[in-house]
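*Asks:* Can you keep this structure in mind? I'll have questions shortly.
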Amino acid sequence: MIQIPTDRQDPSTSSFSASYAGVVAFMTVATEGSFARAADRLGVGRSAVSRSVQKLEGQLGARLFSRTTRSTSLTAEGELFFENCRPGVERIQQALEDMRDLRDGPPRGQLRISATHGFGRKVIAPLMSEFHMRYPGIGIELQLEERAPDLAVDRVDVAFREGRLDDSQVIAKQIIPMQMLVCATPDYVRRHGLPASVDELQAHACINRRLPNGRLRSWDFEIDGRAHSAMPQGDIVLNDDDLILRATLDGEGLAQLPGFQVCEELRKGTLVTCLDQFAPDDRAHYLCYLSRRQLPKRIRVFIDFITAQIRALHLDFATEMTRIRGNPVSGADMQDDSLAVAVD
């Protein structure tokens with residue numbers, strides 16, 4: 001082994017090891033939001049993480065975190081240091097993943113997936129068991145949240161988003177179209193009829209959705225080629241699409257829901273739709289991931305698996321039927337085998 005004489009050693013070399021450990025600890029705490037979760041992710045004790053961060057703060061001469069008994073947050077200096085360090089740390093992590101992927105063997109590692117509550121429960125979660133059976137070396141963490149995550153900051157490998165997508169920082173792959181459908185039960189139709197125009201919604205019992213930001217979700221349409229939003233009055237307000245679907249099936253009123261949530265009910269005839277000619281067609285369900293030169297195997301196989309499985313479910317069945325028939329879709333229409341549509 002070649003020894004470097006102490007008197008010829010670069011002064012920065014002696015502190016490199018401590019600095020690197022401090023940066024890793026700092027980045028992990030900043031990403032996880034707490035020293036305890038950072039320690040779990042790094043597989044070390046919380047005190048070791050704290051000591052590494054304190055040494056780094058001493059070297060930098062700056063306080064990186066504001067710490068209380070309940071929270072840990074970045075200071076202004078910490079935010080600046082985090083943004084400067086993040087590209088380098090991500091490149092190192094990518095290099096390590098690329099080298100691991102060069103080895104022979106099945107995909108392995110940890111996947112962090114984000115989806116909305118409705119799409120996650122209805123579509124993603126039921127497919128996870130089969131994926132894990134095919135790829136037992138891949139661990140899965142599925143997070144259900146209504147907000148759109150920051151894939152880099154939140155360390156999310158794959159996110160499922162819906163609606164209109166404006167984020168240019170991610171690669172977005174459309175899986176299926178997303179059509180918002182106004183639905184009711186046949187019994188409600190017999191008792192109250194259906195609106196023939198968007199304005200007539202005001203005369204009906206409507207079930208509204210409360211968003212996480214406290215606002216009511218608007219009912220969106222397209223009229224004469226232009227986007228149109230309505231906010232019908234309703235006695236029932238819920239903050240979950242599954243609950244809204246349940247209330248609709250109970251005959252409580254009309255609701256506007258994503259096609260993937262109601263396609264089974266439309267096939268069975270337990271729900272019918274109206275105002276289909278005004279349904280917006282500029283929305284979709286997207287699979288999103290960060291741009292990388294070479295995706296890790298675990299992400300590639302997940303993307304291929306989940307795309308094929310979701311498309312095989314024919315969740316845009318209602319969208320295709322509406323496009324073909326050009327009129328409200330009824331349960332009887334959905335049960336007509338001669339009108340079955342194959343989705344590419």
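Residue numbers start at 1 in each chain; chains themselves are named A, B, ... in the order of the structure tokens; ligands are numbered from 1 in the order shown.
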Within 12 Å of Arg209 of chain A, counting only C-alpha atoms, which residues show up once you throw out same-chain ones fewer than 6 positions away? Write them as a PDB file with all heavy atoms, in the first residue's frame, please.

*Replies:*
```
ATOM      1  N   ARG A 215     -61.111  23.942  -1.366  1.00  0.00           N
ATOM      2  CA  ARG A 215     -62.060  24.390  -2.382  1.00  0.00           C
ATOM      3  C   ARG A 215     -62.904  23.230  -2.896  1.00  0.00           C
ATOM      4  O   ARG A 215     -62.517  22.073  -2.779  1.00  0.00           O
ATOM      5  CB  ARG A 215     -61.311  25.033  -3.546  1.00  0.00           C
ATOM      6  CG  ARG A 215     -60.493  26.264  -3.171  1.00  0.00           C
ATOM      7  CD  ARG A 215     -59.753  26.797  -4.382  1.00  0.00           C
ATOM      8  NE  ARG A 215     -58.940  27.974  -4.063  1.00  0.00           N
ATOM      9  CZ  ARG A 215     -58.155  28.588  -4.929  1.00  0.00           C
ATOM     10  NH1 ARG A 215     -58.063  28.132  -6.181  1.00  0.00           N
ATOM     11  NH2 ARG A 215     -57.456  29.643  -4.555  1.00  0.00           N
ATOM     12  N   LEU A 216     -64.039  23.579  -3.479  1.00  0.00           N
ATOM     13  CA  LEU A 216     -64.849  22.569  -4.146  1.00  0.00           C
ATOM     14  C   LEU A 216     -64.314  22.335  -5.554  1.00  0.00           C
ATOM     15  O   LEU A 216     -63.894  23.271  -6.228  1.00  0.00           O
ATOM     16  CB  LEU A 216     -66.317  23.021  -4.230  1.00  0.00           C
ATOM     17  CG  LEU A 216     -67.090  23.109  -2.917  1.00  0.00           C
ATOM     18  CD1 LEU A 216     -68.512  23.614  -3.186  1.00  0.00           C
ATOM     19  CD2 LEU A 216     -67.136  21.761  -2.216  1.00  0.00           C
ATOM     20  N   ARG A 217     -64.308  21.081  -5.985  1.00  0.00           N
ATOM     21  CA  ARG A 217     -63.864  20.769  -7.341  1.00  0.00           C
ATOM     22  C   ARG A 217     -64.953  21.173  -8.332  1.00  0.00           C
ATOM     23  O   ARG A 217     -66.116  20.822  -8.170  1.00  0.00           O
ATOM     24  CB  ARG A 217     -63.566  19.275  -7.476  1.00  0.00           C
ATOM     25  CG  ARG A 217     -63.080  18.864  -8.866  1.00  0.00           C
ATOM     26  CD  ARG A 217     -62.678  17.415  -8.901  1.00  0.00           C
ATOM     27  NE  ARG A 217     -63.804  16.514  -8.694  1.00  0.00           N
ATOM     28  CZ  ARG A 217     -63.691  15.196  -8.531  1.00  0.00           C
ATOM     29  NH1 ARG A 217     -62.486  14.649  -8.516  1.00  0.00           N
ATOM     30  NH2 ARG A 217     -64.766  14.439  -8.353  1.00  0.00           N
ATOM     31  N   SER A 218     -64.562  21.920  -9.324  1.00  0.00           N
ATOM     32  CA  SER A 218     -65.524  22.347 -10.341  1.00  0.00           C
ATOM     33  C   SER A 218     -65.890  21.175 -11.239  1.00  0.00           C
ATOM     34  O   SER A 218     -65.150  20.199 -11.356  1.00  0.00           O
ATOM     35  CB  SER A 218     -64.943  23.487 -11.175  1.00  0.00           C
ATOM     36  OG  SER A 218     -63.790  23.048 -11.881  1.00  0.00           O
ATOM     37  N   TRP A 219     -67.053  21.275 -11.871  1.00  0.00           N
ATOM     38  CA  TRP A 219     -67.470  20.295 -12.874  1.00  0.00           C
ATOM     39  C   TRP A 219     -67.025  20.859 -14.230  1.00  0.00           C
ATOM     40  O   TRP A 219     -67.447  21.952 -14.623  1.00  0.00           O
ATOM     41  CB  TRP A 219     -68.976  20.107 -12.839  1.00  0.00           C
ATOM     42  CG  TRP A 219     -69.495  19.492 -11.568  1.00  0.00           C
ATOM     43  CD1 TRP A 219     -69.071  19.723 -10.293  1.00  0.00           C
ATOM     44  CD2 TRP A 219     -70.553  18.538 -11.459  1.00  0.00           C
ATOM     45  NE1 TRP A 219     -69.788  18.996  -9.392  1.00  0.00           N
ATOM     46  CE2 TRP A 219     -70.706  18.252 -10.071  1.00  0.00           C
ATOM     47  CE3 TRP A 219     -71.390  17.907 -12.374  1.00  0.00           C
ATOM     48  CZ2 TRP A 219     -71.661  17.350  -9.603  1.00  0.00           C
ATOM     49  CZ3 TRP A 219     -72.350  17.011 -11.906  1.00  0.00           C
ATOM     50  CH2 TRP A 219     -72.472  16.733 -10.539  1.00  0.00           C
ATOM     51  N   MET A 231     -70.331  24.997 -11.187  1.00  0.00           N
ATOM     52  CA  MET A 231     -70.302  24.661  -9.774  1.00  0.00           C
ATOM     53  C   MET A 231     -71.738  24.505  -9.286  1.00  0.00           C
ATOM     54  O   MET A 231     -72.307  25.390  -8.638  1.00  0.00           O
ATOM     55  CB  MET A 231     -69.584  25.745  -8.959  1.00  0.00           C
ATOM     56  CG  MET A 231     -69.357  25.353  -7.497  1.00  0.00           C
ATOM     57  SD  MET A 231     -68.342  23.883  -7.328  1.00  0.00           S
ATOM     58  CE  MET A 231     -66.743  24.543  -7.842  1.00  0.00           C
ATOM     59  N   PRO A 232     -72.374  23.371  -9.612  1.00  0.00           N
ATOM     60  CA  PRO A 232     -73.764  23.177  -9.198  1.00  0.00           C
ATOM     61  C   PRO A 232     -73.895  23.082  -7.686  1.00  0.00           C
ATOM     62  O   PRO A 232     -72.994  22.603  -6.997  1.00  0.00           O
ATOM     63  CB  PRO A 232     -74.156  21.853  -9.882  1.00  0.00           C
ATOM     64  CG  PRO A 232     -72.850  21.154 -10.098  1.00  0.00           C
ATOM     65  CD  PRO A 232     -71.841  22.220 -10.342  1.00  0.00           C
ATOM     66  N   GLN A 233     -75.018  23.541  -7.177  1.00  0.00           N
ATOM     67  CA  GLN A 233     -75.270  23.474  -5.747  1.00  0.00           C
ATOM     68  C   GLN A 233     -75.620  22.039  -5.361  1.00  0.00           C
ATOM     69  O   GLN A 233     -76.266  21.320  -6.117  1.00  0.00           O
ATOM     70  CB  GLN A 233     -76.408  24.417  -5.358  1.00  0.00           C
ATOM     71  CG  GLN A 233     -76.117  25.878  -5.639  1.00  0.00           C
ATOM     72  CD  GLN A 233     -74.941  26.388  -4.835  1.00  0.00           C
ATOM     73  OE1 GLN A 233     -74.839  26.128  -3.637  1.00  0.00           O
ATOM     74  NE2 GLN A 233     -74.029  27.106  -5.481  1.00  0.00           N
ATOM     75  N   GLY A 234     -75.161  21.628  -4.195  1.00  0.00           N
ATOM     76  CA  GLY A 234     -75.484  20.285  -3.738  1.00  0.00           C
ATOM     77  C   GLY A 234     -75.542  20.211  -2.235  1.00  0.00           C
ATOM     78  O   GLY A 234     -74.837  20.937  -1.529  1.00  0.00           O
ATOM     79  N   ASP A 235     -76.388  19.308  -1.725  1.00  0.00           N
ATOM     80  CA  ASP A 235     -76.521  19.128  -0.281  1.00  0.00           C
ATOM     81  C   ASP A 235     -75.447  18.202   0.276  1.00  0.00           C
ATOM     82  O   ASP A 235     -75.234  18.157   1.489  1.00  0.00           O
ATOM     83  CB  ASP A 235     -77.903  18.552   0.057  1.00  0.00           C
ATOM     84  CG  ASP A 235     -79.026  19.538  -0.250  1.00  0.00           C
ATOM     85  OD1 ASP A 235     -78.759  20.754  -0.181  1.00  0.00           O
ATOM     86  OD2 ASP A 235     -80.137  19.091  -0.554  1.00  0.00           O
ATOM     87  N   ILE A 236     -74.772  17.459  -0.604  1.00  0.00           N
ATOM     88  CA  ILE A 236     -73.760  16.503  -0.150  1.00  0.00           C
ATOM     89  C   ILE A 236     -72.402  16.927  -0.684  1.00  0.00           C
ATOM     90  O   ILE A 236     -72.227  17.126  -1.885  1.00  0.00           O
ATOM     91  CB  ILE A 236     -74.099  15.078  -0.623  1.00  0.00           C
ATOM     92  CG1 ILE A 236     -75.437  14.623  -0.025  1.00  0.00           C
ATOM     93  CG2 ILE A 236     -72.986  14.104  -0.245  1.00  0.00           C
ATOM     94  CD1 ILE A 236     -75.873  13.253  -0.481  1.00  0.00           C
ATOM     95  N   VAL A 237     -71.435  17.059   0.211  1.00  0.00           N
ATOM     96  CA  VAL A 237     -70.053  17.374  -0.157  1.00  0.00           C
ATOM     97  C   VAL A 237     -69.155  16.340   0.519  1.00  0.00           C
ATOM     98  O   VAL A 237     -69.212  16.165   1.740  1.00  0.00           O
ATOM     99  CB  VAL A 237     -69.648  18.793   0.287  1.00  0.00           C
ATOM    100  CG1 VAL A 237     -68.186  19.056  -0.067  1.00  0.00           C
ATOM    101  CG2 VAL A 237     -70.554  19.837  -0.366  1.00  0.00           C
ATOM    102  N   LEU A 238     -68.315  15.673  -0.262  1.00  0.00           N
ATOM    103  CA  LEU A 238     -67.415  14.649   0.243  1.00  0.00           C
ATOM    104  C   LEU A 238     -66.004  14.931  -0.257  1.00  0.00           C
ATOM    105  O   LEU A 238     -65.816  15.601  -1.263  1.00  0.00           O
ATOM    106  CB  LEU A 238     -67.870  13.260  -0.219  1.00  0.00           C
ATOM    107  CG  LEU A 238     -69.296  12.862   0.213  1.00  0.00           C
ATOM    108  CD1 LEU A 238     -69.764  11.632  -0.553  1.00  0.00           C
ATOM    109  CD2 LEU A 238     -69.349  12.598   1.706  1.00  0.00           C
ATOM    110  N   ASN A 239     -65.008  14.411   0.453  1.00  0.00           N
ATOM    111  CA  ASN A 239     -63.632  14.691   0.057  1.00  0.00           C
ATOM    112  C   ASN A 239     -62.913  13.475  -0.515  1.00  0.00           C
ATOM    113  O   ASN A 239     -61.684  13.422  -0.535  1.00  0.00           O
ATOM    114  CB  ASN A 239     -62.834  15.243   1.248  1.00  0.00           C
ATOM    115  CG  ASN A 239     -62.618  14.195   2.330  1.00  0.00           C
ATOM    116  OD1 ASN A 239     -63.276  13.159   2.348  1.00  0.00           O
ATOM    117  ND2 ASN A 239     -61.697  14.480   3.240  1.00  0.00           N
ATOM    118  N   ASP A 240     -63.681  12.488  -0.994  1.00  0.00           N
ATOM    119  CA  ASP A 240     -63.090  11.269  -1.528  1.00  0.00           C
ATOM    120  C   ASP A 240     -63.980  10.747  -2.659  1.00  0.00           C
ATOM    121  O   ASP A 240     -65.205  10.630  -2.489  1.00  0.00           O
ATOM    122  CB  ASP A 240     -62.961  10.222  -0.426  1.00  0.00           C
ATOM    123  CG  ASP A 240     -62.292   8.955  -0.906  1.00  0.00           C
ATOM    124  OD1 ASP A 240     -61.052   8.877  -0.853  1.00  0.00           O
ATOM    125  OD2 ASP A 240     -63.016   8.045  -1.351  1.00  0.00           O
ATOM    126  N   ASP A 241     -63.362  10.426  -3.811  1.00  0.00           N
ATOM    127  CA  ASP A 241     -64.147   9.972  -4.957  1.00  0.00           C
ATOM    128  C   ASP A 241     -64.830   8.635  -4.702  1.00  0.00           C
ATOM    129  O   ASP A 241     -65.903   8.367  -5.249  1.00  0.00           O
ATOM    130  CB  ASP A 241     -63.257   9.878  -6.202  1.00  0.00           C
ATOM    131  CG  ASP A 241     -63.065  11.232  -6.881  1.00  0.00           C
ATOM    132  OD1 ASP A 241     -63.815  12.176  -6.549  1.00  0.00           O
ATOM    133  OD2 ASP A 241     -62.171  11.349  -7.741  1.00  0.00           O
ATOM    134  N   ASP A 242     -64.230   7.761  -3.905  1.00  0.00           N
ATOM    135  CA  ASP A 242     -64.880   6.492  -3.586  1.00  0.00           C
ATOM    136  C   ASP A 242     -66.181   6.726  -2.822  1.00  0.00           C
ATOM    137  O   ASP A 242     -67.189   6.046  -3.052  1.00  0.00           O
ATOM    138  CB  ASP A 242     -63.945   5.606  -2.760  1.00  0.00           C
ATOM    139  CG  ASP A 242     -62.803   5.035  -3.586  1.00  0.00           C
ATOM    140  OD1 ASP A 242     -62.910   5.049  -4.829  1.00  0.00           O
ATOM    141  OD2 ASP A 242     -61.809   4.576  -2.990  1.00  0.00           O
ATOM    142  N   LEU A 243     -66.146   7.691  -1.904  1.00  0.00           N
ATOM    143  CA  LEU A 243     -67.370   8.015  -1.161  1.00  0.00           C
ATOM    144  C   LEU A 243     -68.412   8.642  -2.077  1.00  0.00           C
ATOM    145  O   LEU A 243     -69.620   8.397  -1.935  1.00  0.00           O
ATOM    146  CB  LEU A 243     -67.037   8.964  -0.011  1.00  0.00           C
ATOM    147  CG  LEU A 243     -66.104   8.423   1.074  1.00  0.00           C
ATOM    148  CD1 LEU A 243     -65.841   9.497   2.117  1.00  0.00           C
ATOM    149  CD2 LEU A 243     -66.698   7.182   1.727  1.00  0.00           C
ATOM    150  N   ILE A 244     -67.957   9.453  -3.022  1.00  0.00           N
ATOM    151  CA  ILE A 244     -68.883  10.069  -3.970  1.00  0.00           C
ATOM    152  C   ILE A 244     -69.532   8.997  -4.832  1.00  0.00           C
ATOM    153  O   ILE A 244     -70.746   9.034  -5.099  1.00  0.00           O
ATOM    154  CB  ILE A 244     -68.147  11.106  -4.837  1.00  0.00           C
ATOM    155  CG1 ILE A 244     -67.721  12.299  -3.981  1.00  0.00           C
ATOM    156  CG2 ILE A 244     -69.025  11.583  -5.994  1.00  0.00           C
ATOM    157  CD1 ILE A 244     -66.906  13.333  -4.717  1.00  0.00           C
ATOM    158  N   LEU A 245     -68.750   8.024  -5.277  1.00  0.00           N
ATOM    159  CA  LEU A 245     -69.317   6.928  -6.070  1.00  0.00           C
ATOM    160  C   LEU A 245     -70.351   6.169  -5.256  1.00  0.00           C
ATOM    161  O   LEU A 245     -71.431   5.837  -5.773  1.00  0.00           O
ATOM    162  CB  LEU A 245     -68.195   5.986  -6.516  1.00  0.00           C
ATOM    163  CG  LEU A 245     -68.638   4.720  -7.261  1.00  0.00           C
ATOM    164  CD1 LEU A 245     -69.422   5.075  -8.516  1.00  0.00           C
ATOM    165  CD2 LEU A 245     -67.428   3.857  -7.600  1.00  0.00           C
ATOM    166  N   ALA A 247     -72.199   7.280  -2.771  1.00  0.00           N
ATOM    167  CA  ALA A 247     -73.399   8.101  -2.624  1.00  0.00           C
ATOM    168  C   ALA A 247     -74.198   8.138  -3.921  1.00  0.00           C
ATOM    169  O   ALA A 247     -75.437   8.130  -3.912  1.00  0.00           O
ATOM    170  CB  ALA A 247     -73.015   9.518  -2.210  1.00  0.00           C
ATOM    171  N   LEU A 254     -76.588  13.336  -8.778  1.00  0.00           N
ATOM    172  CA  LEU A 254     -75.626  13.279  -9.870  1.00  0.00           C
ATOM    173  C   LEU A 254     -74.223  13.571  -9.347  1.00  0.00           C
ATOM    174  O   LEU A 254     -74.045  14.346  -8.415  1.00  0.00           O
ATOM    175  CB  LEU A 254     -75.975  14.314 -10.942  1.00  0.00           C
ATOM    176  CG  LEU A 254     -77.333  14.206 -11.644  1.00  0.00           C
ATOM    177  CD1 LEU A 254     -77.563  15.447 -12.491  1.00  0.00           C
ATOM    178  CD2 LEU A 254     -77.396  12.963 -12.502  1.00  0.00           C
ATOM    179  N   ALA A 255     -73.235  12.977 -10.003  1.00  0.00           N
ATOM    180  CA  ALA A 255     -71.836  13.263  -9.660  1.00  0.00           C
ATOM    181  C   ALA A 255     -71.007  13.187 -10.931  1.00  0.00           C
ATOM    182  O   ALA A 255     -71.318  12.425 -11.848  1.00  0.00           O
ATOM    183  CB  ALA A 255     -71.311  12.290  -8.624  1.00  0.00           C
ATOM    184  N   GLN A 256     -69.952  14.002 -10.992  1.00  0.00           N
ATOM    185  CA  GLN A 256     -69.007  13.915 -12.103  1.00  0.00           C
ATOM    186  C   GLN A 256     -67.765  13.183 -11.604  1.00  0.00           C
ATOM    187  O   GLN A 256     -67.081  13.648 -10.691  1.00  0.00           O
ATOM    188  CB  GLN A 256     -68.626  15.302 -12.641  1.00  0.00           C
ATOM    189  CG  GLN A 256     -67.797  15.215 -13.921  1.00  0.00           C
ATOM    190  CD  GLN A 256     -67.422  16.575 -14.484  1.00  0.00           C
ATOM    191  OE1 GLN A 256     -66.877  17.405 -13.769  1.00  0.00           O
ATOM    192  NE2 GLN A 256     -67.713  16.808 -15.757  1.00  0.00           N
ATOM    193  N   LEU A 257     -67.483  12.028 -12.223  1.00  0.00           N
ATOM    194  CA  LEU A 257     -66.401  11.166 -11.776  1.00  0.00           C
ATOM    195  C   LEU A 257     -65.528  10.727 -12.946  1.00  0.00           C
ATOM    196  O   LEU A 257     -65.990  10.683 -14.094  1.00  0.00           O
ATOM    197  CB  LEU A 257     -66.971   9.928 -11.079  1.00  0.00           C
ATOM    198  CG  LEU A 257     -67.601  10.161  -9.698  1.00  0.00           C
ATOM    199  CD1 LEU A 257     -68.460   8.982  -9.297  1.00  0.00           C
ATOM    200  CD2 LEU A 257     -66.512  10.415  -8.660  1.00  0.00           C
TER     201      LEU A 257
END
```

*Asks:* Can you list, as a PyMOL selection string, every residue of segment 77-298 of chain A that DSSP puts in strand (DSSP E)?

*Replies:* chain A and resi 109-115+138-144+158-163+170-177+180-184+207-209+219-223+226-230+236-238+255-258+272-274+284-290

*Asks:* Hey, could you make a per-residue contact list for segment 60-125 of chain A against segment 266-287 of chain A with 10 Å as the cut-off, showing the nearest pair of atoms and its distance in Å to one decimal, counting only C-alpha atoms, sorted by chain and number, as CSV?

*Replies:*
```
residue,atom,partner,partner_atom,distance
A:Ser114,CA,A:Leu287,CA,9.9
A:Ala115,CA,A:Leu287,CA,9.5
A:Phe119,CA,A:His285,CA,9.1
```

*Asks:* Keeping N, CA, C and O atoms for every residue in the selection just given, could you write it to a file as a compact mmCIF listing (two decimals), in the first residue's frame?

*Replies:*
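Dumped everything to part11.txt:
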```
# COMPACT_ATOMS: atom_id res chain seq x y z
N SER A 114 -46.08 6.94 -6.36
CA SER A 114 -47.07 7.90 -5.88
C SER A 114 -48.28 7.89 -6.80
O SER A 114 -48.13 7.83 -8.03
N ALA A 115 -49.47 7.94 -6.21
CA ALA A 115 -50.71 7.99 -7.00
C ALA A 115 -51.79 8.70 -6.19
O ALA A 115 -51.68 8.79 -4.96
N PHE A 119 -57.19 6.60 -7.99
CA PHE A 119 -56.49 5.78 -8.98
C PHE A 119 -55.60 4.75 -8.29
O PHE A 119 -55.46 3.62 -8.76
```

*Asks:* Please report the interatomic distance between atom CA of Gly61 of chain A and atom CA of Asn84 of chain A in Å with one decimal.

*Replies:*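 Between atom CA of Gly61 of chain A and atom CA of Asn84 of chain A the gap works out to 16.4 Å.
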
*Asks:* List the spatial neighbours of Leu315 of chain A as a list in words - criterion: any atom at most 7 Å away, only C-alpha atoms, same-chain residues fewer than 2 positions off excluded.

*Replies:*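 My list of contacting residues is Gly259, Phe260, Cys263, Leu313 and Phe317 of chain A.
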
*Asks:* Let me see the file: selected residues, N, CA, C and O atoms, as a PDB file, in the first residue's frame.

*Replies:*
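New file result-v5.pdb:
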```pdb
ATOM      1  N   GLY A 259     -63.723   8.350 -15.600  1.00  0.00           N
ATOM      2  CA  GLY A 259     -64.229   7.158 -16.264  1.00  0.00           C
ATOM      3  C   GLY A 259     -63.744   5.869 -15.650  1.00  0.00           C
ATOM      4  O   GLY A 259     -64.488   4.879 -15.590  1.00  0.00           O
ATOM      5  N   PHE A 260     -62.475   5.824 -15.168  1.00  0.00           N
ATOM      6  CA  PHE A 260     -61.953   4.572 -14.622  1.00  0.00           C
ATOM      7  C   PHE A 260     -62.724   4.124 -13.392  1.00  0.00           C
ATOM      8  O   PHE A 260     -62.787   2.929 -13.084  1.00  0.00           O
ATOM      9  N   CYS A 263     -66.492   2.771 -14.935  1.00  0.00           N
ATOM     10  CA  CYS A 263     -66.665   1.923 -16.113  1.00  0.00           C
ATOM     11  C   CYS A 263     -67.329   0.589 -15.763  1.00  0.00           C
ATOM     12  O   CYS A 263     -68.169   0.084 -16.519  1.00  0.00           O
ATOM     13  N   LEU A 313     -57.016  -3.510 -18.772  1.00  0.00           N
ATOM     14  CA  LEU A 313     -58.228  -3.386 -17.970  1.00  0.00           C
ATOM     15  C   LEU A 313     -59.349  -2.667 -18.706  1.00  0.00           C
ATOM     16  O   LEU A 313     -60.494  -2.665 -18.244  1.00  0.00           O
ATOM     17  N   PHE A 317     -63.124   2.402 -21.361  1.00  0.00           N
ATOM     18  CA  PHE A 317     -64.251   1.827 -22.096  1.00  0.00           C
ATOM     19  C   PHE A 317     -65.358   2.859 -22.294  1.00  0.00           C
ATOM     20  O   PHE A 317     -65.917   2.995 -23.378  1.00  0.00           O
TER      21      PHE A 317
END
```

*Asks:* Just how far from atom CA of Pro126 of chain A is atom CA of Arg155 of chain A, in Å to one decimal?

*Replies:*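 Separation between atom CA of Arg155 of chain A and atom CA of Pro126 of chain A: 23.0 Å.
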
*Asks:* Distance table requested - segment 40-116 of chain A against segment 135-145 of chain A, cut-off 7 Å, only C-alpha atoms: one row per qualifying residue with the closest atom pair and its distance in Å to one decimal, ordered by chain and rising residue number, as a tab-separated table.

*Replies:*
```
residue	atom	partner	partner_atom	distance
A:Pro107	CA	A:Gly137	CA	6.4
A:Arg108	CA	A:Gly137	CA	4.4
A:Gly109	CA	A:Ile138	CA	5.0
A:Gln110	CA	A:Gly139	CA	4.6
A:Leu111	CA	A:Ile140	CA	5.0
A:Arg112	CA	A:Glu141	CA	4.8
A:Ile113	CA	A:Leu142	CA	4.8
A:Ser114	CA	A:Gln143	CA	4.8
A:Ala115	CA	A:Leu144	CA	5.1
A:Thr116	CA	A:Glu145	CA	5.0
```

*Asks:* Could you write those residues out with N, CA, C and O atoms, as a short mmCIF file (atom, residue, chain, number, x, y, z; two decimals), in the first residue's frame?

*Replies:*
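Printed below is again.cif as written:
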```
data_model
loop_
_atom_site.label_atom_id
_atom_site.label_comp_id
_atom_site.auth_asym_id
_atom_site.auth_seq_id
_atom_site.Cartn_x
_atom_site.Cartn_y
_atom_site.Cartn_z
N PRO A 107 -34.03 -7.86 -11.72
CA PRO A 107 -34.13 -6.50 -11.16
C PRO A 107 -34.34 -6.56 -9.65
O PRO A 107 -35.01 -7.45 -9.13
N ARG A 108 -33.77 -5.61 -8.96
CA ARG A 108 -33.91 -5.56 -7.51
C ARG A 108 -33.76 -4.10 -7.05
O ARG A 108 -33.37 -3.23 -7.81
N GLY A 109 -34.11 -3.89 -5.81
CA GLY A 109 -34.04 -2.55 -5.26
C GLY A 109 -35.39 -2.12 -4.73
O GLY A 109 -36.34 -2.90 -4.64
N GLN A 110 -35.51 -0.84 -4.39
CA GLN A 110 -36.72 -0.29 -3.80
C GLN A 110 -37.39 0.67 -4.77
O GLN A 110 -36.73 1.49 -5.39
N LEU A 111 -38.70 0.53 -4.91
CA LEU A 111 -39.49 1.42 -5.76
C LEU A 111 -40.41 2.26 -4.88
O LEU A 111 -41.14 1.73 -4.04
N ARG A 112 -40.39 3.57 -5.08
CA ARG A 112 -41.33 4.45 -4.40
C ARG A 112 -42.29 4.99 -5.43
O ARG A 112 -41.89 5.67 -6.38
N ILE A 113 -43.58 4.70 -5.25
CA ILE A 113 -44.61 5.03 -6.24
C ILE A 113 -45.62 5.97 -5.60
O ILE A 113 -46.00 5.80 -4.43
N SER A 114 -46.08 6.94 -6.36
CA SER A 114 -47.07 7.90 -5.88
C SER A 114 -48.28 7.89 -6.80
O SER A 114 -48.13 7.83 -8.03
N ALA A 115 -49.47 7.94 -6.21
CA ALA A 115 -50.71 7.99 -7.00
C ALA A 115 -51.79 8.70 -6.19
O ALA A 115 -51.68 8.79 -4.96
N THR A 116 -52.81 9.19 -6.87
CA THR A 116 -53.95 9.76 -6.17
C THR A 116 -54.71 8.65 -5.45
O THR A 116 -54.58 7.47 -5.79
#
```

*Asks:* Write out as a ChimeraX atom specification the residues lying within 9 Å of Ala230 of chain A, counting only C-alpha atoms and excluding same-chain residues fewer than 6 positions away.

*Replies:* /A:198-199,201,218-221
